[in-house]
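A.B. asks: This is the content of input-v1.pdb (PDB, C-alpha atoms and all ligand atoms):
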```pdb
ATOM      1  CA  MET A  15      -9.752  -2.478  24.152  1.00  0.00           C
ATOM      2  CA  THR A  16     -11.407  -5.816  23.325  1.00  0.00           C
ATOM      3  CA  GLU A  17     -11.122  -6.795  19.667  1.00  0.00           C
ATOM      4  CA  ALA A  18     -14.337  -7.808  17.920  1.00  0.00           C
ATOM      5  CA  PRO A  19     -14.143 -11.518  17.019  1.00  0.00           C
ATOM      6  CA  THR A  20     -13.412 -12.010  13.328  1.00  0.00           C
ATOM      7  CA  ILE A  21     -16.061 -13.922  11.434  1.00  0.00           C
ATOM      8  CA  THR A  22     -14.890 -14.955   7.994  1.00  0.00           C
ATOM      9  CA  ALA A  23     -17.184 -14.895   4.968  1.00  0.00           C
ATOM     10  CA  GLY A  24     -16.812 -18.676   4.773  1.00  0.00           C
ATOM     11  CA  GLN A  25     -17.927 -19.157   8.405  1.00  0.00           C
ATOM     12  CA  PHE A  26     -20.852 -16.784   7.901  1.00  0.00           C
ATOM     13  CA  ARG A  27     -22.064 -18.664   4.799  1.00  0.00           C
ATOM     14  CA  ASP A  28     -21.486 -22.029   6.424  1.00  0.00           C
ATOM     15  CA  VAL A  29     -23.485 -21.260   9.560  1.00  0.00           C
ATOM     16  CA  LEU A  30     -26.245 -19.211   7.877  1.00  0.00           C
ATOM     17  CA  GLY A  31     -26.612 -22.032   5.339  1.00  0.00           C
ATOM     18  CA  CYS A  32     -27.946 -24.152   8.222  1.00  0.00           C
ATOM     19  CA  TYR A  33     -31.109 -22.098   8.063  1.00  0.00           C
ATOM     20  CA  PRO A  34     -33.242 -23.870   5.428  1.00  0.00           C
ATOM     21  CA  THR A  35     -35.108 -21.724   2.910  1.00  0.00           C
ATOM     22  CA  GLY A  36     -37.448 -22.179   0.008  1.00  0.00           C
ATOM     23  CA  VAL A  37     -36.327 -20.971  -3.406  1.00  0.00           C
ATOM     24  CA  CYS A  38     -38.266 -18.383  -5.422  1.00  0.00           C
ATOM     25  CA  VAL A  39     -37.968 -16.747  -8.813  1.00  0.00           C
ATOM     26  CA  VAL A  40     -38.852 -13.050  -8.722  1.00  0.00           C
ATOM     27  CA  THR A  41     -40.154 -12.024 -12.143  1.00  0.00           C
ATOM     28  CA  SER A  42     -41.283  -8.864 -13.879  1.00  0.00           C
ATOM     29  CA  ALA A  43     -41.829  -7.592 -17.410  1.00  0.00           C
ATOM     30  CA  ASP A  44     -41.981  -4.418 -19.466  1.00  0.00           C
ATOM     31  CA  GLU A  45     -42.771  -3.822 -23.138  1.00  0.00           C
ATOM     32  CA  ASP A  46     -39.269  -4.903 -24.214  1.00  0.00           C
ATOM     33  CA  ALA A  47     -38.335  -7.872 -22.047  1.00  0.00           C
ATOM     34  CA  ARG A  48     -39.077 -10.279 -19.220  1.00  0.00           C
ATOM     35  CA  HIS A  49     -36.840 -10.256 -16.147  1.00  0.00           C
ATOM     36  CA  GLY A  50     -36.198 -12.748 -13.373  1.00  0.00           C
ATOM     37  CA  MET A  51     -33.806 -13.760 -10.595  1.00  0.00           C
ATOM     38  CA  ALA A  52     -33.645 -16.676  -8.147  1.00  0.00           C
ATOM     39  CA  VAL A  53     -33.814 -15.675  -4.466  1.00  0.00           C
ATOM     40  CA  GLY A  54     -33.730 -17.540  -1.189  1.00  0.00           C
ATOM     41  CA  SER A  55     -34.369 -14.433   0.890  1.00  0.00           C
ATOM     42  CA  PHE A  56     -38.110 -14.126   0.262  1.00  0.00           C
ATOM     43  CA  THR A  57     -40.191 -13.633   3.407  1.00  0.00           C
ATOM     44  CA  SER A  58     -43.611 -12.605   4.629  1.00  0.00           C
ATOM     45  CA  ILE A  59     -43.395  -9.238   6.465  1.00  0.00           C
ATOM     46  CA  SER A  60     -46.801  -7.852   7.466  1.00  0.00           C
ATOM     47  CA  LEU A  61     -50.378  -9.134   7.521  1.00  0.00           C
ATOM     48  CA  ASP A  62     -52.035  -5.696   7.806  1.00  0.00           C
ATOM     49  CA  PRO A  63     -51.099  -4.198   5.407  1.00  0.00           C
ATOM     50  CA  ARG A  64     -50.183  -7.256   3.313  1.00  0.00           C
ATOM     51  CA  LEU A  65     -46.425  -6.914   2.764  1.00  0.00           C
ATOM     52  CA  VAL A  66     -43.698  -9.324   1.674  1.00  0.00           C
ATOM     53  CA  GLY A  67     -40.003  -8.790   1.033  1.00  0.00           C
ATOM     54  CA  PHE A  68     -36.724 -10.118  -0.290  1.00  0.00           C
ATOM     55  CA  PHE A  69     -33.076  -9.016  -0.415  1.00  0.00           C
ATOM     56  CA  PRO A  70     -31.418  -8.517  -3.825  1.00  0.00           C
ATOM     57  CA  ASP A  71     -27.630  -8.167  -3.911  1.00  0.00           C
ATOM     58  CA  LYS A  72     -26.574  -4.625  -4.854  1.00  0.00           C
ATOM     59  CA  THR A  73     -24.597  -6.160  -7.749  1.00  0.00           C
ATOM     60  CA  SER A  74     -27.648  -7.898  -9.268  1.00  0.00           C
ATOM     61  CA  SER A  75     -28.218  -6.864 -12.874  1.00  0.00           C
ATOM     62  CA  SER A  76     -31.811  -8.153 -12.886  1.00  0.00           C
ATOM     63  CA  TRP A  77     -32.977  -6.145  -9.881  1.00  0.00           C
ATOM     64  CA  PRO A  78     -32.597  -2.638 -11.439  1.00  0.00           C
ATOM     65  CA  ARG A  79     -34.629  -3.863 -14.443  1.00  0.00           C
ATOM     66  CA  ILE A  80     -37.326  -5.254 -12.164  1.00  0.00           C
ATOM     67  CA  GLN A  81     -37.305  -2.069 -10.080  1.00  0.00           C
ATOM     68  CA  LYS A  82     -37.935   0.059 -13.181  1.00  0.00           C
ATOM     69  CA  THR A  83     -41.236  -1.783 -13.792  1.00  0.00           C
ATOM     70  CA  GLY A  84     -42.460  -0.877 -10.289  1.00  0.00           C
ATOM     71  CA  ARG A  85     -43.816  -4.395  -9.770  1.00  0.00           C
ATOM     72  CA  PHE A  86     -42.687  -7.981  -9.226  1.00  0.00           C
ATOM     73  CA  CYS A  87     -44.142 -11.453  -8.913  1.00  0.00           C
ATOM     74  CA  VAL A  88     -42.656 -14.049  -6.530  1.00  0.00           C
ATOM     75  CA  ASN A  89     -42.850 -17.640  -7.827  1.00  0.00           C
ATOM     76  CA  VAL A  90     -42.235 -20.286  -5.132  1.00  0.00           C
ATOM     77  CA  LEU A  91     -40.371 -23.098  -6.897  1.00  0.00           C
ATOM     78  CA  GLY A  92     -41.397 -26.748  -6.747  1.00  0.00           C
ATOM     79  CA  GLY A  93     -39.132 -29.748  -6.103  1.00  0.00           C
ATOM     80  CA  ASP A  94     -38.855 -30.401  -9.872  1.00  0.00           C
ATOM     81  CA  HIS A  95     -37.725 -26.844 -10.649  1.00  0.00           C
ATOM     82  CA  LEU A  96     -33.972 -27.261 -10.148  1.00  0.00           C
ATOM     83  CA  ASP A  97     -33.216 -26.412 -13.810  1.00  0.00           C
ATOM     84  CA  ILE A  98     -35.379 -23.301 -13.568  1.00  0.00           C
ATOM     85  CA  CYS A  99     -33.628 -22.300 -10.339  1.00  0.00           C
ATOM     86  CA  ARG A 100     -30.210 -22.624 -12.016  1.00  0.00           C
ATOM     87  CA  ARG A 101     -31.377 -20.733 -15.087  1.00  0.00           C
ATOM     88  CA  PHE A 102     -32.630 -17.784 -12.992  1.00  0.00           C
ATOM     89  CA  ALA A 103     -29.511 -17.803 -10.805  1.00  0.00           C
ATOM     90  CA  SER A 104     -27.401 -17.446 -13.963  1.00  0.00           C
ATOM     91  CA  LYS A 105     -26.343 -14.370 -15.933  1.00  0.00           C
ATOM     92  CA  LEU A 106     -28.075 -15.531 -19.155  1.00  0.00           C
ATOM     93  CA  ALA A 107     -29.145 -12.594 -21.328  1.00  0.00           C
ATOM     94  CA  ASP A 108     -32.664 -14.028 -21.796  1.00  0.00           C
ATOM     95  CA  LYS A 109     -33.483 -16.308 -18.876  1.00  0.00           C
ATOM     96  CA  PHE A 110     -36.974 -16.949 -20.330  1.00  0.00           C
ATOM     97  CA  GLU A 111     -35.780 -18.297 -23.686  1.00  0.00           C
ATOM     98  CA  GLY A 112     -37.774 -21.449 -24.555  1.00  0.00           C
ATOM     99  CA  LEU A 113     -39.710 -21.318 -21.283  1.00  0.00           C
ATOM    100  CA  THR A 114     -43.507 -21.425 -21.482  1.00  0.00           C
ATOM    101  CA  HIS A 115     -45.321 -19.539 -18.745  1.00  0.00           C
ATOM    102  CA  ARG A 116     -48.637 -17.965 -17.883  1.00  0.00           C
ATOM    103  CA  ARG A 117     -49.284 -14.381 -16.748  1.00  0.00           C
ATOM    104  CA  SER A 118     -50.460 -13.035 -13.402  1.00  0.00           C
ATOM    105  CA  PRO A 119     -53.562 -10.777 -13.320  1.00  0.00           C
ATOM    106  CA  GLY A 120     -51.167  -7.808 -13.650  1.00  0.00           C
ATOM    107  CA  GLY A 121     -49.398  -9.424 -16.657  1.00  0.00           C
ATOM    108  CA  LEU A 122     -46.200 -10.642 -14.920  1.00  0.00           C
ATOM    109  CA  PRO A 123     -44.599 -14.020 -15.735  1.00  0.00           C
ATOM    110  CA  LEU A 124     -45.892 -17.001 -13.695  1.00  0.00           C
ATOM    111  CA  ILE A 125     -43.614 -20.062 -13.701  1.00  0.00           C
ATOM    112  CA  ASP A 126     -45.577 -23.213 -14.662  1.00  0.00           C
ATOM    113  CA  GLY A 127     -45.909 -25.637 -11.744  1.00  0.00           C
ATOM    114  CA  ALA A 128     -44.947 -23.159  -9.004  1.00  0.00           C
ATOM    115  CA  VAL A 129     -46.082 -23.952  -5.440  1.00  0.00           C
ATOM    116  CA  ALA A 130     -47.440 -20.401  -5.063  1.00  0.00           C
ATOM    117  CA  TRP A 131     -47.185 -16.944  -6.624  1.00  0.00           C
ATOM    118  CA  ILE A 132     -47.458 -13.495  -5.051  1.00  0.00           C
ATOM    119  CA  GLU A 133     -47.841 -10.403  -7.237  1.00  0.00           C
ATOM    120  CA  CYS A 134     -46.685  -7.108  -5.704  1.00  0.00           C
ATOM    121  CA  ARG A 135     -46.253  -3.405  -6.220  1.00  0.00           C
ATOM    122  CA  ILE A 136     -42.845  -2.176  -4.964  1.00  0.00           C
ATOM    123  CA  ALA A 137     -43.624  -0.288  -1.736  1.00  0.00           C
ATOM    124  CA  ALA A 138     -40.101   0.435  -0.443  1.00  0.00           C
ATOM    125  CA  VAL A 139     -36.430  -0.223  -1.195  1.00  0.00           C
ATOM    126  CA  GLN A 140     -33.792   0.285   1.465  1.00  0.00           C
ATOM    127  CA  GLU A 141     -30.029  -0.290   1.520  1.00  0.00           C
ATOM    128  CA  VAL A 142     -28.941  -2.872   4.093  1.00  0.00           C
ATOM    129  CA  GLY A 143     -25.207  -3.647   4.010  1.00  0.00           C
ATOM    130  CA  ASP A 144     -24.276  -5.096   0.615  1.00  0.00           C
ATOM    131  CA  HIS A 145     -27.916  -5.931  -0.152  1.00  0.00           C
ATOM    132  CA  LEU A 146     -31.197  -4.056  -0.618  1.00  0.00           C
ATOM    133  CA  LEU A 147     -34.379  -4.754   1.298  1.00  0.00           C
ATOM    134  CA  VAL A 148     -37.295  -4.706  -1.152  1.00  0.00           C
ATOM    135  CA  VAL A 149     -40.781  -4.483   0.328  1.00  0.00           C
ATOM    136  CA  GLY A 150     -43.746  -5.421  -1.859  1.00  0.00           C
ATOM    137  CA  ALA A 151     -47.429  -4.593  -1.304  1.00  0.00           C
ATOM    138  CA  VAL A 152     -49.342  -7.727  -2.276  1.00  0.00           C
ATOM    139  CA  GLU A 153     -51.962  -7.169  -4.991  1.00  0.00           C
ATOM    140  CA  ALA A 154     -52.825 -10.747  -6.039  1.00  0.00           C
ATOM    141  CA  LEU A 155     -51.746 -14.266  -5.096  1.00  0.00           C
ATOM    142  CA  GLY A 156     -52.464 -17.938  -5.677  1.00  0.00           C
ATOM    143  CA  LYS A 157     -51.243 -21.439  -4.809  1.00  0.00           C
ATOM    144  CA  SER A 158     -51.178 -25.034  -5.903  1.00  0.00           C
ATOM    145  CA  ASP A 159     -51.981 -27.639  -3.245  1.00  0.00           C
ATOM    146  CA  ASP A 160     -50.301 -30.605  -4.892  1.00  0.00           C
ATOM    147  CA  VAL A 161     -46.745 -29.351  -5.517  1.00  0.00           C
ATOM    148  CA  ALA A 162     -43.966 -29.875  -2.931  1.00  0.00           C
ATOM    149  CA  PRO A 163     -41.386 -27.079  -2.664  1.00  0.00           C
ATOM    150  CA  LEU A 164     -37.706 -26.972  -3.549  1.00  0.00           C
ATOM    151  CA  LEU A 165     -35.585 -26.376  -0.430  1.00  0.00           C
ATOM    152  CA  PHE A 166     -32.053 -25.035  -0.031  1.00  0.00           C
ATOM    153  CA  PHE A 167     -30.090 -26.232   3.001  1.00  0.00           C
ATOM    154  CA  ARG A 168     -26.347 -26.460   3.787  1.00  0.00           C
ATOM    155  CA  GLY A 169     -25.459 -25.512   0.218  1.00  0.00           C
ATOM    156  CA  GLY A 170     -27.609 -28.223  -1.399  1.00  0.00           C
ATOM    157  CA  TYR A 171     -31.071 -28.610  -2.905  1.00  0.00           C
ATOM    158  CA  HIS A 172     -33.710 -30.856  -1.354  1.00  0.00           C
ATOM    159  CA  ARG A 173     -37.286 -31.919  -1.998  1.00  0.00           C
ATOM    160  CA  LEU A 174     -39.711 -31.817   0.909  1.00  0.00           C
ATOM    161  CA  SER A 175     -40.710 -35.405   1.604  1.00  0.00           C
ATOM    162  CA  GLU A 176     -44.220 -35.977   2.960  1.00  0.00           C
ATOM    163  CA  SER A 177     -42.939 -38.975   4.934  1.00  0.00           C
ATOM    164  CA  THR A 178     -40.759 -36.765   7.175  1.00  0.00           C
ATOM    165  CA  GLN A 179     -43.614 -34.479   8.269  1.00  0.00           C
ATOM    166  CA  VAL A 180     -43.780 -34.212  12.102  1.00  0.00           C
TER     167      VAL A 180
HETATM  168  C1  LIG B   1     -30.756 -20.889  -3.915  1.00  0.00           C
HETATM  169  C2  LIG B   1     -30.355 -19.497  -4.333  1.00  0.00           C
HETATM  170  C3  LIG B   1     -30.743 -18.404  -3.580  1.00  0.00           C
HETATM  171  C4  LIG B   1     -30.376 -17.106  -3.949  1.00  0.00           C
HETATM  172  N1  LIG B   1     -30.797 -16.042  -3.205  1.00  0.00           N
HETATM  173  C5  LIG B   1     -30.500 -14.787  -3.587  1.00  0.00           C
HETATM  174  C6  LIG B   1     -31.000 -13.672  -2.873  1.00  0.00           C
HETATM  175  O1  LIG B   1     -31.741 -13.808  -1.898  1.00  0.00           O
HETATM  176  N2  LIG B   1     -30.643 -12.433  -3.304  1.00  0.00           N
HETATM  177  C7  LIG B   1     -29.840 -12.246  -4.396  1.00  0.00           C
HETATM  178  O2  LIG B   1     -29.545 -11.121  -4.753  1.00  0.00           O
HETATM  179  N3  LIG B   1     -29.364 -13.297  -5.099  1.00  0.00           N
HETATM  180  C8  LIG B   1     -29.675 -14.547  -4.727  1.00  0.00           C
HETATM  181  N4  LIG B   1     -29.217 -15.609  -5.450  1.00  0.00           N
HETATM  182  C9  LIG B   1     -28.332 -15.362  -6.589  1.00  0.00           C
HETATM  183  C10 LIG B   1     -29.105 -14.809  -7.771  1.00  0.00           C
HETATM  184  O3  LIG B   1     -30.099 -15.697  -8.255  1.00  0.00           O
HETATM  185  C11 LIG B   1     -28.135 -14.497  -8.924  1.00  0.00           C
HETATM  186  O4  LIG B   1     -26.985 -13.908  -8.436  1.00  0.00           O
HETATM  187  C12 LIG B   1     -28.676 -13.497  -9.877  1.00  0.00           C
HETATM  188  O5  LIG B   1     -29.976 -13.709 -10.265  1.00  0.00           O
HETATM  189  C13 LIG B   1     -27.776 -13.527 -11.099  1.00  0.00           C
HETATM  190  O6  LIG B   1     -28.002 -12.577 -11.970  1.00  0.00           O
HETATM  191  P1  LIG B   1     -28.531 -11.127 -12.142  1.00  0.00           P
HETATM  192  O7  LIG B   1     -27.325 -10.312 -12.324  1.00  0.00           O
HETATM  193  O8  LIG B   1     -29.383 -11.359 -13.334  1.00  0.00           O
HETATM  194  O9  LIG B   1     -29.357 -10.668 -10.977  1.00  0.00           O
HETATM  195  C14 LIG B   1     -29.576 -16.914  -5.104  1.00  0.00           C
HETATM  196  C15 LIG B   1     -29.184 -18.023  -5.871  1.00  0.00           C
HETATM  197  C16 LIG B   1     -29.555 -19.292  -5.497  1.00  0.00           C
HETATM  198  C17 LIG B   1     -29.126 -20.449  -6.342  1.00  0.00           C
END
```
Output the file's structure in the form of structure tokens.
Ligand SMILES: Cc1cc2nc3c(=O)[nH]c(=O)nc-3n(C[C@H](O)[C@H](O)[C@H](O)COP(=O)(O)O)c2cc1C
C.D. replies:
Amino acid sequence: MTEAPTITAGQFRDVLGCYPTGVCVVTSADEDARHGMAVGSFTSISLDPRLVGFFPDKTSSSWPRIQKTGRFCVNVLGGDHLDICRRFASKLADKFEGLTHRRSPGGLPLIDGAVAWIECRIAAVQEVGDHLLVVGAVEALGKSDDVAPLLFFRGGYHRLSESTQV
């Protein structure tokens, strides 16, 4: 019998890290608190109906709190948002402490200076390996035309430079 080739976690991360992504903060809120987590796995899924998705780790403590609200808002981070990215990738008890923000039409936190925001109702959650696939039905959205995004590539953060556009 042929043995399946062993791919180590390090190799997997190293190679998959060659796929560049944007960085988003997924937010939500209930009467008691605001919630948020940084994700690189955000993606557009369907145009008709309008669906987007992301993959929270099953061990995330923010995701179950967001799930309870039934809704989430994706904030696409700008190139100057590295501190905000680190804050929302942390395990801080209140990741919003001292952070001013606006509210989406549905009342969810909007990060100031985001490239774009997409407000969703949770349409489906499915287990996929050690992560969950969360599908959101888009209810409202908006963008800013003059903010360049924060990018994550090969384990490091980058700003999109206009001069390298092809
Ligand atoms: C650039 C970047 C991308 C990330 N992408 C994801 C992701 O797609 N899914 C996820 O569960 N965590 C992701 N994380 C890690 C989470 O932000 C972090 O583990 C989590 O928010 C920490 O706390 P929690 O327990 O409050 O969820 C990412 C972190 C960084 C810095």
A.B. asks: Evaluate the PyMOL selection byres (((not hetatm)) within 10 of (chain B and resi 1)) and record the selected residues as a short mmCIF file (atom, residue, chain, number, x, y, z; two decimals) with C-alpha atoms, in the frame of the given file, following the chain and residue labels used in the document.
C.D. replies:
```cif
data_model
loop_
_atom_site.label_atom_id
_atom_site.label_comp_id
_atom_site.auth_asym_id
_atom_site.auth_seq_id
_atom_site.Cartn_x
_atom_site.Cartn_y
_atom_site.Cartn_z
CA THR A 35 -35.11 -21.72 2.91
CA GLY A 36 -37.45 -22.18 0.01
CA VAL A 37 -36.33 -20.97 -3.41
CA CYS A 38 -38.27 -18.38 -5.42
CA VAL A 39 -37.97 -16.75 -8.81
CA VAL A 40 -38.85 -13.05 -8.72
CA HIS A 49 -36.84 -10.26 -16.15
CA GLY A 50 -36.20 -12.75 -13.37
CA MET A 51 -33.81 -13.76 -10.60
CA ALA A 52 -33.65 -16.68 -8.15
CA VAL A 53 -33.81 -15.68 -4.47
CA GLY A 54 -33.73 -17.54 -1.19
CA SER A 55 -34.37 -14.43 0.89
CA PHE A 56 -38.11 -14.13 0.26
CA THR A 57 -40.19 -13.63 3.41
CA PHE A 68 -36.72 -10.12 -0.29
CA PHE A 69 -33.08 -9.02 -0.42
CA PRO A 70 -31.42 -8.52 -3.82
CA ASP A 71 -27.63 -8.17 -3.91
CA LYS A 72 -26.57 -4.62 -4.85
CA THR A 73 -24.60 -6.16 -7.75
CA SER A 74 -27.65 -7.90 -9.27
CA SER A 75 -28.22 -6.86 -12.87
CA SER A 76 -31.81 -8.15 -12.89
CA TRP A 77 -32.98 -6.14 -9.88
CA PRO A 78 -32.60 -2.64 -11.44
CA ARG A 79 -34.63 -3.86 -14.44
CA ILE A 80 -37.33 -5.25 -12.16
CA LEU A 96 -33.97 -27.26 -10.15
CA ILE A 98 -35.38 -23.30 -13.57
CA CYS A 99 -33.63 -22.30 -10.34
CA ARG A 100 -30.21 -22.62 -12.02
CA ARG A 101 -31.38 -20.73 -15.09
CA PHE A 102 -32.63 -17.78 -12.99
CA ALA A 103 -29.51 -17.80 -10.80
CA SER A 104 -27.40 -17.45 -13.96
CA LYS A 105 -26.34 -14.37 -15.93
CA LEU A 106 -28.08 -15.53 -19.16
CA ALA A 107 -29.14 -12.59 -21.33
CA ASP A 108 -32.66 -14.03 -21.80
CA LYS A 109 -33.48 -16.31 -18.88
CA ASP A 144 -24.28 -5.10 0.62
CA HIS A 145 -27.92 -5.93 -0.15
CA LEU A 146 -31.20 -4.06 -0.62
CA LEU A 147 -34.38 -4.75 1.30
CA LEU A 164 -37.71 -26.97 -3.55
CA LEU A 165 -35.58 -26.38 -0.43
CA PHE A 166 -32.05 -25.04 -0.03
CA PHE A 167 -30.09 -26.23 3.00
CA GLY A 169 -25.46 -25.51 0.22
CA GLY A 170 -27.61 -28.22 -1.40
CA TYR A 171 -31.07 -28.61 -2.90
#
```
A.B. asks: Just want the 10 Å neighbourhood of Val161 (chain A), counted on only C-alpha atoms, with same-chain residues fewer than 6 positions away dropped. Output as an mmCIF file with C-alpha atoms, in the frame of the given file.
C.D. replies:
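Wrote part30.cif, looks like this:
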```cif
data_model
loop_
_atom_site.group_PDB
_atom_site.id
_atom_site.type_symbol
_atom_site.label_atom_id
_atom_site.label_comp_id
_atom_site.auth_asym_id
_atom_site.auth_seq_id
_atom_site.Cartn_x
_atom_site.Cartn_y
_atom_site.Cartn_z
ATOM 1 C CA LEU A 91 -40.371 -23.098 -6.897
ATOM 2 C CA GLY A 92 -41.397 -26.748 -6.747
ATOM 3 C CA GLY A 93 -39.132 -29.748 -6.103
ATOM 4 C CA ASP A 94 -38.855 -30.401 -9.872
ATOM 5 C CA GLY A 127 -45.909 -25.637 -11.744
ATOM 6 C CA ALA A 128 -44.947 -23.159 -9.004
ATOM 7 C CA VAL A 129 -46.082 -23.952 -5.440
ATOM 8 C CA ALA A 130 -47.440 -20.401 -5.063
ATOM 9 C CA LEU A 174 -39.711 -31.817 0.909
#
```
A.B. asks: Select, from A:Gly156, A:Ser58, A:Val142, A:Val90, the residue with the minimum atom-to-atom distance to Pro119 (chain A), counting only C-alpha atoms.
C.D. replies: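 Selected residue with least distance to Pro119 (chain A): A:Gly156.
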A.B. asks: For a test of reading the model, state the distance in Å between CA of Ser60 (chain A) and CA of Arg85 (chain A), rounded to one decimal.
C.D. replies: 17.8 Å
A.B. asks: To one decimal place in Å, what is the distance between CA of Ala43 (chain A) and CA of Pro123 (chain A)?
C.D. replies: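 Computing it gives 7.2 Å between the two atoms.
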A.B. asks: Select, from A:Leu122, A:Arg173, A:Gln25, A:Arg168, the residue with the minimum atom-to-atom distance to Ala154 (chain A), counting all atoms listed in the file.
C.D. replies: A:Leu122
A.B. asks: Report the distance between CA of Ser158 (chain A) and CA of Val88 (chain A) in Å, rounded to one decimal place.
C.D. replies: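 About the pair CA of Ser158 (chain A) and CA of Val88 (chain A): they are 13.9 Å apart.
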A.B. asks: Of the candidates A:Leu124, A:Leu30, A:Cys87, A:Ala23, which one gets nearest to Val66 (chain A) if we count all atoms listed in the file?
C.D. replies: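 Looking at the shortest contact to Val66 (chain A), the residue is A:Cys87.
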A.B. asks: Please expand the PyMOL selection byres (((chain A and resi 135-138) around 8) and not hetatm) into the concrete residues it hits in this file, giving the result as a list in words.
C.D. replies: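 Selection result, ordered by chain and number: Gln81, Gly84, Arg85, Phe86, Glu133, Cys134, Val139, Gln140, Leu147, Val148, Val149, Gly150, Ala151, Val152 and Glu153 of chain A.
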A.B. asks: Can you list, as a list in words, every protein, DNA or RNA residue that comes within 8 Å of Asp44 (chain A) when you count all atoms listed in the file, leaving out same-chain residues fewer than 3 positions away?
C.D. replies: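 Neighbouring residues, sequence-local ones excluded: Ala47, Arg48 and Thr83 of chain A.
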A.B. asks: Let me make sure I understand: among A:Glu141, A:Lys157, A:Thr41, A:Pro63, which one has the smallest atom-to-atom distance to Arg117 (chain A) if we use all atoms listed in the file?
C.D. replies: A:Thr41
